[in-house]
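Participant: Dropping in protein_21.csv, with CSV, C-alpha atoms.
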chain,number,residue,atom,x,y,z
A,1,MET,CA,57.3,159.6,164.8
A,2,THR,CA,55.0,158.6,167.7
A,3,ASP,CA,56.1,158.7,171.3
A,4,MET,CA,55.9,154.9,171.4
A,5,THR,CA,58.2,154.6,168.4
A,6,THR,CA,60.6,157.1,169.8
A,7,THR,CA,60.8,155.2,173.1
A,8,ILE,CA,61.4,151.9,171.3
A,9,VAL,CA,64.2,153.4,169.1
A,10,VAL,CA,65.9,154.8,172.2
A,11,GLY,CA,65.4,151.6,174.1
A,12,LEU,CA,67.1,149.6,171.2
A,13,LEU,CA,70.1,152.0,171.2
A,14,ILE,CA,70.7,152.1,175.0
A,15,PRO,CA,72.7,148.8,175.1
A,16,LEU,CA,75.0,150.0,172.3
A,17,LEU,CA,75.7,153.2,174.2
A,18,GLY,CA,76.7,151.0,177.2
A,19,THR,CA,79.2,149.1,175.1
A,20,MET,CA,80.6,152.4,173.7
A,21,LEU,CA,81.0,153.8,177.2
A,22,GLY,CA,82.8,150.7,178.4
A,23,SER,CA,85.0,150.7,175.3
A,24,ALA,CA,86.0,154.3,176.1
A,25,PHE,CA,87.7,153.0,179.3
A,26,VAL,CA,90.7,152.3,177.0
A,27,PHE,CA,91.4,156.1,177.1
A,28,LEU,CA,91.3,156.2,180.9
A,29,MET,CA,93.1,153.0,182.0
A,30,LYS,CA,96.8,152.1,181.5
A,31,GLY,CA,97.9,148.5,180.9
A,32,GLU,CA,95.7,145.4,181.2
A,33,MET,CA,92.6,145.1,183.4
A,34,SER,CA,93.4,143.2,186.6
A,35,ALA,CA,92.3,139.6,186.9
A,36,ARG,CA,90.2,140.4,190.0
A,37,LEU,CA,88.3,143.1,188.2
A,38,GLN,CA,87.8,141.1,185.0
A,39,LYS,CA,86.4,138.1,186.9
A,40,SER,CA,84.1,140.3,188.9
A,41,LEU,CA,82.7,141.9,185.8
A,42,LEU,CA,82.3,138.6,184.0
A,43,GLY,CA,80.3,137.3,186.9
A,44,PHE,CA,78.2,140.5,187.0
A,45,ALA,CA,77.4,140.2,183.3
A,46,SER,CA,76.4,136.5,183.8
A,47,GLY,CA,74.1,137.4,186.6
A,48,VAL,CA,72.3,140.2,184.6
A,49,MET,CA,71.8,137.9,181.6
A,50,VAL,CA,70.5,135.0,183.6
A,51,ALA,CA,68.0,137.2,185.6
A,52,ALA,CA,66.9,138.9,182.4
A,53,SER,CA,66.4,135.5,180.7
A,54,VAL,CA,64.2,134.2,183.6
A,55,TRP,CA,62.1,137.2,184.6
A,56,SER,CA,61.8,139.1,181.4
A,57,LEU,CA,61.8,136.3,178.8
A,58,LEU,CA,60.9,132.8,180.0
A,59,ILE,CA,58.2,133.7,182.6
A,60,PRO,CA,56.4,136.1,180.1
A,61,ALA,CA,56.6,133.3,177.5
A,62,MET,CA,54.7,131.0,179.8
A,63,GLU,CA,52.3,133.6,180.9
A,64,MET,CA,51.2,134.3,177.3
A,65,LYS,CA,50.0,130.7,177.1
A,66,ALA,CA,48.6,130.4,180.7
A,67,GLU,CA,45.2,129.4,179.3
A,68,SER,CA,46.8,126.2,178.0
A,69,GLY,CA,47.4,124.8,181.5
A,70,VAL,CA,50.3,122.5,181.8
A,71,TRP,CA,51.0,123.0,178.1
A,72,SER,CA,51.9,126.6,178.6
A,73,VAL,CA,55.5,125.5,179.2
A,74,VAL,CA,55.8,124.1,175.6
A,75,PRO,CA,56.6,127.4,173.7
A,76,ALA,CA,59.1,128.3,176.4
A,77,ALA,CA,60.8,124.9,176.3
A,78,VAL,CA,60.9,124.7,172.5
A,79,GLY,CA,62.0,128.3,172.0
A,80,PHE,CA,64.7,127.9,174.7
A,81,LEU,CA,66.2,124.8,173.0
A,82,MET,CA,66.0,126.5,169.6
A,83,GLY,CA,67.9,129.5,171.0
A,84,ILE,CA,70.6,127.2,172.4
A,85,GLY,CA,70.8,125.4,169.1
A,86,PHE,CA,71.0,128.6,167.1
A,87,LEU,CA,74.0,129.9,169.1
A,88,LEU,CA,75.7,126.5,169.0
A,89,LEU,CA,75.5,126.6,165.2
A,90,ILE,CA,76.8,130.1,165.0
A,91,ASP,CA,79.6,129.2,167.4
A,92,GLU,CA,80.6,126.2,165.3
A,93,LEU,CA,80.6,128.0,162.0
A,94,THR,CA,82.0,131.5,162.8
A,95,PRO,CA,85.8,131.8,163.1
A,96,HIS,CA,86.5,133.5,166.4
A,97,LEU,CA,89.0,133.8,169.2
A,98,HIS,CA,88.1,134.3,172.8
A,99,ILE,CA,90.0,136.8,174.9
A,100,GLY,CA,92.9,135.1,176.8
A,101,THR,CA,93.3,132.2,174.4
A,102,ASP,CA,95.4,131.6,171.3
A,103,LYS,CA,93.3,128.7,169.8
A,104,PRO,CA,90.7,129.9,167.3
A,105,GLU,CA,87.2,128.2,167.3
A,106,GLY,CA,84.8,127.7,164.4
A,107,ILE,CA,85.7,127.0,160.8
A,108,LYS,CA,89.3,127.6,159.7
A,109,SER,CA,90.1,131.1,158.3
A,110,HIS,CA,92.9,133.5,157.6
A,111,LEU,CA,91.3,136.3,159.6
A,112,SER,CA,93.6,138.4,161.9
A,113,LYS,CA,93.6,137.8,165.6
A,114,THR,CA,91.9,141.2,166.1
A,115,ALA,CA,89.1,140.3,163.7
A,116,MET,CA,88.5,137.0,165.3
A,117,LEU,CA,88.4,138.6,168.8
A,118,ALA,CA,85.8,141.1,167.5
A,119,LEU,CA,83.7,138.2,166.0
A,120,ALA,CA,83.7,136.4,169.3
A,121,VAL,CA,82.3,139.4,171.0
A,122,THR,CA,79.8,139.9,168.2
A,123,ILE,CA,78.5,136.4,168.8
A,124,HIS,CA,78.2,137.2,172.5
A,125,ASN,CA,76.2,140.4,171.8
A,126,LEU,CA,73.8,139.1,169.3
A,127,PRO,CA,71.5,137.3,171.8
A,128,GLU,CA,71.5,140.4,174.0
A,129,GLY,CA,70.2,142.5,171.1
A,130,MET,CA,67.6,139.8,170.4
A,131,ALA,CA,66.5,139.9,174.0
A,132,VAL,CA,66.0,143.7,173.9
A,133,GLY,CA,64.1,143.5,170.6
A,134,VAL,CA,61.8,140.8,171.7
A,135,VAL,CA,60.8,142.4,175.0
A,136,PHE,CA,59.9,145.6,173.1
A,137,ALA,CA,57.8,143.5,170.7
A,138,GLY,CA,56.2,142.0,173.8
A,139,ALA,CA,55.5,145.5,175.2
A,140,GLU,CA,53.4,146.1,172.1
A,141,ASN,CA,51.5,142.9,172.6
A,142,THR,CA,49.1,143.1,175.6
A,143,ALA,CA,49.0,139.2,175.8
A,144,ALA,CA,52.8,139.1,176.6
A,145,HIS,CA,52.3,140.7,180.1
A,146,ILE,CA,55.4,142.9,179.4
A,147,SER,CA,55.0,146.7,180.1
A,148,LEU,CA,57.0,149.3,178.2
A,149,ALA,CA,58.7,150.2,181.5
A,150,GLY,CA,59.6,146.5,181.9
A,151,ALA,CA,61.1,146.5,178.4
A,152,ILE,CA,63.1,149.6,179.2
A,153,SER,CA,64.4,147.9,182.3
A,154,VAL,CA,65.8,145.0,180.2
A,155,SER,CA,67.4,147.5,177.9
A,156,LEU,CA,69.0,149.4,180.9
A,157,GLY,CA,70.1,146.1,182.5
A,158,ILE,CA,71.8,145.0,179.3
A,159,ALA,CA,73.4,148.4,178.9
A,160,ILE,CA,74.8,148.4,182.5
A,161,GLN,CA,76.4,145.0,181.9
A,162,ASN,CA,77.7,146.2,178.5
A,163,ILE,CA,79.8,148.9,180.2
A,164,PRO,CA,82.2,146.4,181.8
A,165,GLU,CA,82.0,144.2,178.8
A,166,GLY,CA,83.1,147.1,176.5
A,167,ALA,CA,86.1,147.6,178.8
A,168,ILE,CA,86.9,143.8,178.8
A,169,ILE,CA,86.9,144.0,175.0
A,170,SER,CA,88.8,147.2,174.3
A,171,MET,CA,91.5,146.8,177.0
A,172,PRO,CA,93.0,143.5,175.7
A,173,MET,CA,92.9,144.8,172.1
A,174,ARG,CA,95.0,147.8,173.3
A,175,ALA,CA,97.3,145.4,175.1
A,176,ALA,CA,97.7,143.4,171.9
A,177,GLY,CA,99.2,146.5,170.2
A,178,ASN,CA,96.3,148.3,168.7
A,179,SER,CA,96.0,152.1,169.1
A,180,ARG,CA,93.6,153.5,171.7
A,181,TRP,CA,91.2,154.7,169.0
A,182,LYS,CA,91.2,151.4,167.1
A,183,SER,CA,90.6,149.5,170.3
A,184,PHE,CA,87.7,151.8,171.2
A,185,MET,CA,86.2,151.5,167.7
A,186,LEU,CA,86.5,147.7,167.6
A,187,GLY,CA,85.0,147.5,171.1
A,188,SER,CA,82.1,149.8,170.1
A,189,LEU,CA,81.4,148.1,166.8
A,190,SER,CA,81.0,144.8,168.6
A,191,GLY,CA,77.8,146.3,170.1
A,192,VAL,CA,76.4,147.4,166.7
A,193,VAL,CA,75.0,143.8,166.3
A,194,GLU,CA,72.7,144.4,169.3
A,195,PRO,CA,70.3,146.9,167.7
A,196,ILE,CA,70.4,144.9,164.4
A,197,GLY,CA,69.4,141.7,166.3
A,198,ALA,CA,66.7,143.7,168.1
A,199,VAL,CA,65.1,145.0,165.0
A,200,ALA,CA,65.2,141.5,163.4
A,201,VAL,CA,63.2,139.9,166.2
A,202,LEU,CA,60.7,142.8,166.5
A,203,LEU,CA,59.0,141.3,163.5
A,204,LEU,CA,58.9,137.7,164.7
A,205,ALA,CA,56.2,135.8,166.6
A,206,LEU,CA,55.8,135.6,170.4
A,207,PRO,CA,56.1,133.7,172.7
A,208,TYR,CA,58.6,131.4,171.1
A,209,MET,CA,61.0,134.3,170.4
A,210,LEU,CA,61.0,135.3,174.1
A,211,ALA,CA,62.3,131.8,175.0
A,212,PHE,CA,64.5,131.7,171.9
A,213,ALA,CA,66.3,134.9,173.1
A,214,ALA,CA,66.6,133.4,176.6
A,215,GLY,CA,68.2,130.2,175.3
A,216,ALA,CA,70.7,132.2,173.2
A,217,MET,CA,71.7,134.3,176.3
A,218,PHE,CA,72.0,131.2,178.4
A,219,TYR,CA,74.3,129.6,175.8
A,220,VAL,CA,76.7,132.6,176.0
A,221,VAL,CA,76.6,132.5,179.9
A,222,VAL,CA,77.3,128.8,180.2
A,223,GLU,CA,79.6,128.3,177.3
A,224,GLU,CA,81.7,131.5,177.6
A,225,LEU,CA,81.2,133.8,180.6
A,226,ILE,CA,81.0,131.3,183.5
A,227,PRO,CA,84.0,129.2,182.3
A,228,GLU,CA,86.2,132.4,181.9
A,229,ALA,CA,85.0,133.7,185.3
A,230,SER,CA,85.6,130.5,187.1
A,231,SER,CA,89.0,129.5,185.8
A,232,GLY,CA,92.1,130.2,187.8
A,233,GLN,CA,92.3,132.3,190.9
A,234,HIS,CA,89.7,134.8,192.3
A,235,SER,CA,86.7,132.8,191.1
A,236,ASN,CA,84.9,133.8,194.3
A,237,LEU,CA,84.8,137.3,193.0
A,238,SER,CA,82.9,136.2,189.9
A,239,THR,CA,80.4,134.5,192.2
A,240,VAL,CA,79.9,137.8,194.1
A,241,GLY,CA,79.6,139.6,190.8
A,242,PHE,CA,77.0,137.1,189.5
A,243,ALA,CA,74.9,137.7,192.6
A,244,LEU,CA,75.1,141.5,192.3
A,245,GLY,CA,74.2,141.4,188.6
A,246,PHE,CA,71.3,138.9,189.1
A,247,VAL,CA,69.8,140.9,192.0
A,248,LEU,CA,70.2,144.2,190.1
A,249,MET,CA,68.4,142.8,187.0
A,250,MET,CA,65.7,141.2,189.2
A,251,VAL,CA,65.0,144.4,191.0
A,252,LEU,CA,64.9,146.5,187.8
A,253,ASP,CA,62.4,144.0,186.3
A,254,VAL,CA,60.1,144.0,189.3
A,255,VAL,CA,60.3,147.7,190.1
A,256,MET,CA,59.9,148.9,186.5
A,257,GLY,CA,57.8,146.0,185.3
Please express what this file holds, its structure, as structure tokens.
Facilitator:
Amino acid sequence: MTDMTTTIVVGLLIPLLGTMLGSAFVFLMKGEMSARLQKSLLGFASGVMVAASVWSLLIPAMEMKAESGVWSVVPAAVGFLMGIGFLLLIDELTPHLHIGTDKPEGIKSHLSKTAMLALAVTIHNLPEGMAVGVVFAGAENTAAHISLAGAISVSLGIAIQNIPEGAIISMPMRAAGNSRWKSFMLGSLSGVVEPIGAVAVLLLALPYMLAFAAGAMFYVVVEELIPEASSGQHSNLSTVGFALGFVLMMVLDVVMG
């Protein structure tokens, strides 16, 4: 296995490790996560995903077609809308249940509440895995203007925001009556889809896939994260979290890119 291949494999697995680390919080914390902390973490995750979508996905997608002049925006625009549509379709067809609600979404099913909670998080994690995979594919394509260090920065950024996400997943499952180990395993398994999605898009064409991954991540942020972070009290904490996550991802991309 070459050094480049090894680096890519490690880069694809880093976000999963972040999810597992966050899910392990179920062994360290008692009771449910406070509303203040949860909103701060949701905002942070939103900021990381938006910054990664802009700096690491949409801008490189346009830079790849810079010779096309004003038409360079077409692949980014088309891919972005395709990503939004893809996640919308999955959201409509997959039976799932968001944390903090009792009303399932998607097609009707007889799945347990725990299974539908896990599916909701899986839908959330899929575009993150796609984003990691497509930036590593871009790192192998000199026309994509993405360095290997830049791809690793995206992987690290996603992993960092996966740590609080893992806790946000496992803690409510523990509160719902599941054992600590089951809550940890379900939280961790929700992140397995990320390397799977990453490998899938490694083989697809750029620059449309860069924008496609960006659109998919934006869908998750706008449809799920921001509404959850902004509802009820302490929404100002989610705004602060968003700013911190956005700046962290922006700095990682610029410094390591």
Participant: Can you list, as a short mmCIF file (atom, residue, chain, number, x, y, z; two decimals) with C-alpha atoms, in the coordinates of the input, every protein, DNA or RNA residue that comes within 10 Å of A:Ala176 when you count only C-alpha atoms, leaving out same-chain residues fewer than 5 positions away?
Facilitator:
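See out_2.cif below for the written result:
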data_model
loop_
_atom_site.label_atom_id
_atom_site.label_comp_id
_atom_site.auth_asym_id
_atom_site.auth_seq_id
_atom_site.Cartn_x
_atom_site.Cartn_y
_atom_site.Cartn_z
CA GLU A 32 95.70 145.40 181.20
CA LYS A 113 93.60 137.80 165.60
CA THR A 114 91.90 141.20 166.10
CA SER A 170 88.80 147.20 174.30
CA MET A 171 91.50 146.80 177.00
CA SER A 183 90.60 149.50 170.30
#
Participant: Quick one: everything within 7 Å of A:Ala139, counting all atoms listed in the file, minus sequence neighbours fewer than 4 positions away in the same chain. Send it as a PyMOL selection string.
Facilitator: chain A and resi 135+146-148+151
Participant: Which distance in Å separates atom CA of A:Leu111 and atom CA of A:Ser231, to one decimal?
Facilitator: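 Calculated distance between atom CA of A:Leu111 and atom CA of A:Ser231 is 27.2 Å.
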Participant: Nearest to A:Ser56: which of A:Pro227, A:Gly177, A:Gly150, A:Gly215 is it, counting all atoms listed in the file?
Facilitator: A:Gly150
Participant: So, with all atoms listed in the file as the atoms that count, which of A:Trp181, A:Val254, A:Gln161, A:His110 lies closest to A:Leu28?
Facilitator: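 Smallest separation from A:Leu28 among the options: A:Trp181.
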Participant: Smallest atom-to-atom distance to A:Leu97: which of A:Leu13, A:Ala118, A:Val54, A:Leu237, using only C-alpha atoms?
Facilitator: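 Using only C-alpha atoms, the shortest distance to A:Leu97 belongs to A:Ala118.
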Participant: Report the distance between atom CA of A:Ala167 and atom CA of A:Asn125 in Å, rounded to one decimal place.
Facilitator: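 Computing the Euclidean distance for atom CA of A:Ala167 and atom CA of A:Asn125 yields 14.1 Å.
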Participant: May I ask for the distance between atom CA of A:Glu140 and atom CA of A:Met256, given in Å to one decimal place?
Facilitator: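 If I compute the distance from atom CA of A:Glu140 to atom CA of A:Met256, I get 16.0 Å.
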Participant: Find, counting only C-alpha atoms, the residue in A:Trp71, A:Phe80, A:Gly232, A:Ile123 that gets nearest to A:Glu92.
Facilitator: A:Ile123
Participant: Excluding A:Ser230 and residues on its chain fewer than 2 positions from it, collect all residues at most 12 Å away from it, counting only C-alpha atoms, and give them as an MDAnalysis selection string.
Facilitator: chainID A and resid 35:36 38:43 46 221:228 232:242
Participant: Which is closest to A:Leu189 among A:Ala216, A:Ala66, A:Leu126, A:Met20, if we use all atoms listed in the file?
Facilitator: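 Nearest to A:Leu189: A:Met20.
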Participant: Hey, what's within 10 Å of A:Thr94 if we count all atoms listed in the file and toss same-chain stuff fewer than 2 positions away? As an MDAnalysis selection string, please?
Facilitator: chainID A and resid 89:92 96:97 104:109 116 119:120 123
Participant: Fewer than 5 positions away in the same chain doesn't count, so skip those; otherwise give me all residues within 12 Å of A:Leu81, counting all atoms listed in the file, as a PDB file with C-alpha atoms, in the frame of the given file.
Facilitator:
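Resulting contents of result_0.pdb:
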ATOM      1  CA  LEU A  58      60.900 132.800 180.000  1.00  0.00           C
ATOM      2  CA  VAL A  74      55.800 124.100 175.600  1.00  0.00           C
ATOM      3  CA  PRO A  75      56.600 127.400 173.700  1.00  0.00           C
ATOM      4  CA  ALA A  76      59.100 128.300 176.400  1.00  0.00           C
ATOM      5  CA  PHE A  86      71.000 128.600 167.100  1.00  0.00           C
ATOM      6  CA  LEU A  87      74.000 129.900 169.100  1.00  0.00           C
ATOM      7  CA  LEU A  88      75.700 126.500 169.000  1.00  0.00           C
ATOM      8  CA  TYR A 208      58.600 131.400 171.100  1.00  0.00           C
ATOM      9  CA  MET A 209      61.000 134.300 170.400  1.00  0.00           C
ATOM     10  CA  LEU A 210      61.000 135.300 174.100  1.00  0.00           C
ATOM     11  CA  ALA A 211      62.300 131.800 175.000  1.00  0.00           C
ATOM     12  CA  PHE A 212      64.500 131.700 171.900  1.00  0.00           C
ATOM     13  CA  ALA A 213      66.300 134.900 173.100  1.00  0.00           C
ATOM     14  CA  ALA A 214      66.600 133.400 176.600  1.00  0.00           C
ATOM     15  CA  GLY A 215      68.200 130.200 175.300  1.00  0.00           C
ATOM     16  CA  ALA A 216      70.700 132.200 173.200  1.00  0.00           C
ATOM     17  CA  MET A 217      71.700 134.300 176.300  1.00  0.00           C
ATOM     18  CA  PHE A 218      72.000 131.200 178.400  1.00  0.00           C
ATOM     19  CA  TYR A 219      74.300 129.600 175.800  1.00  0.00           C
TER      20      TYR A 219
END
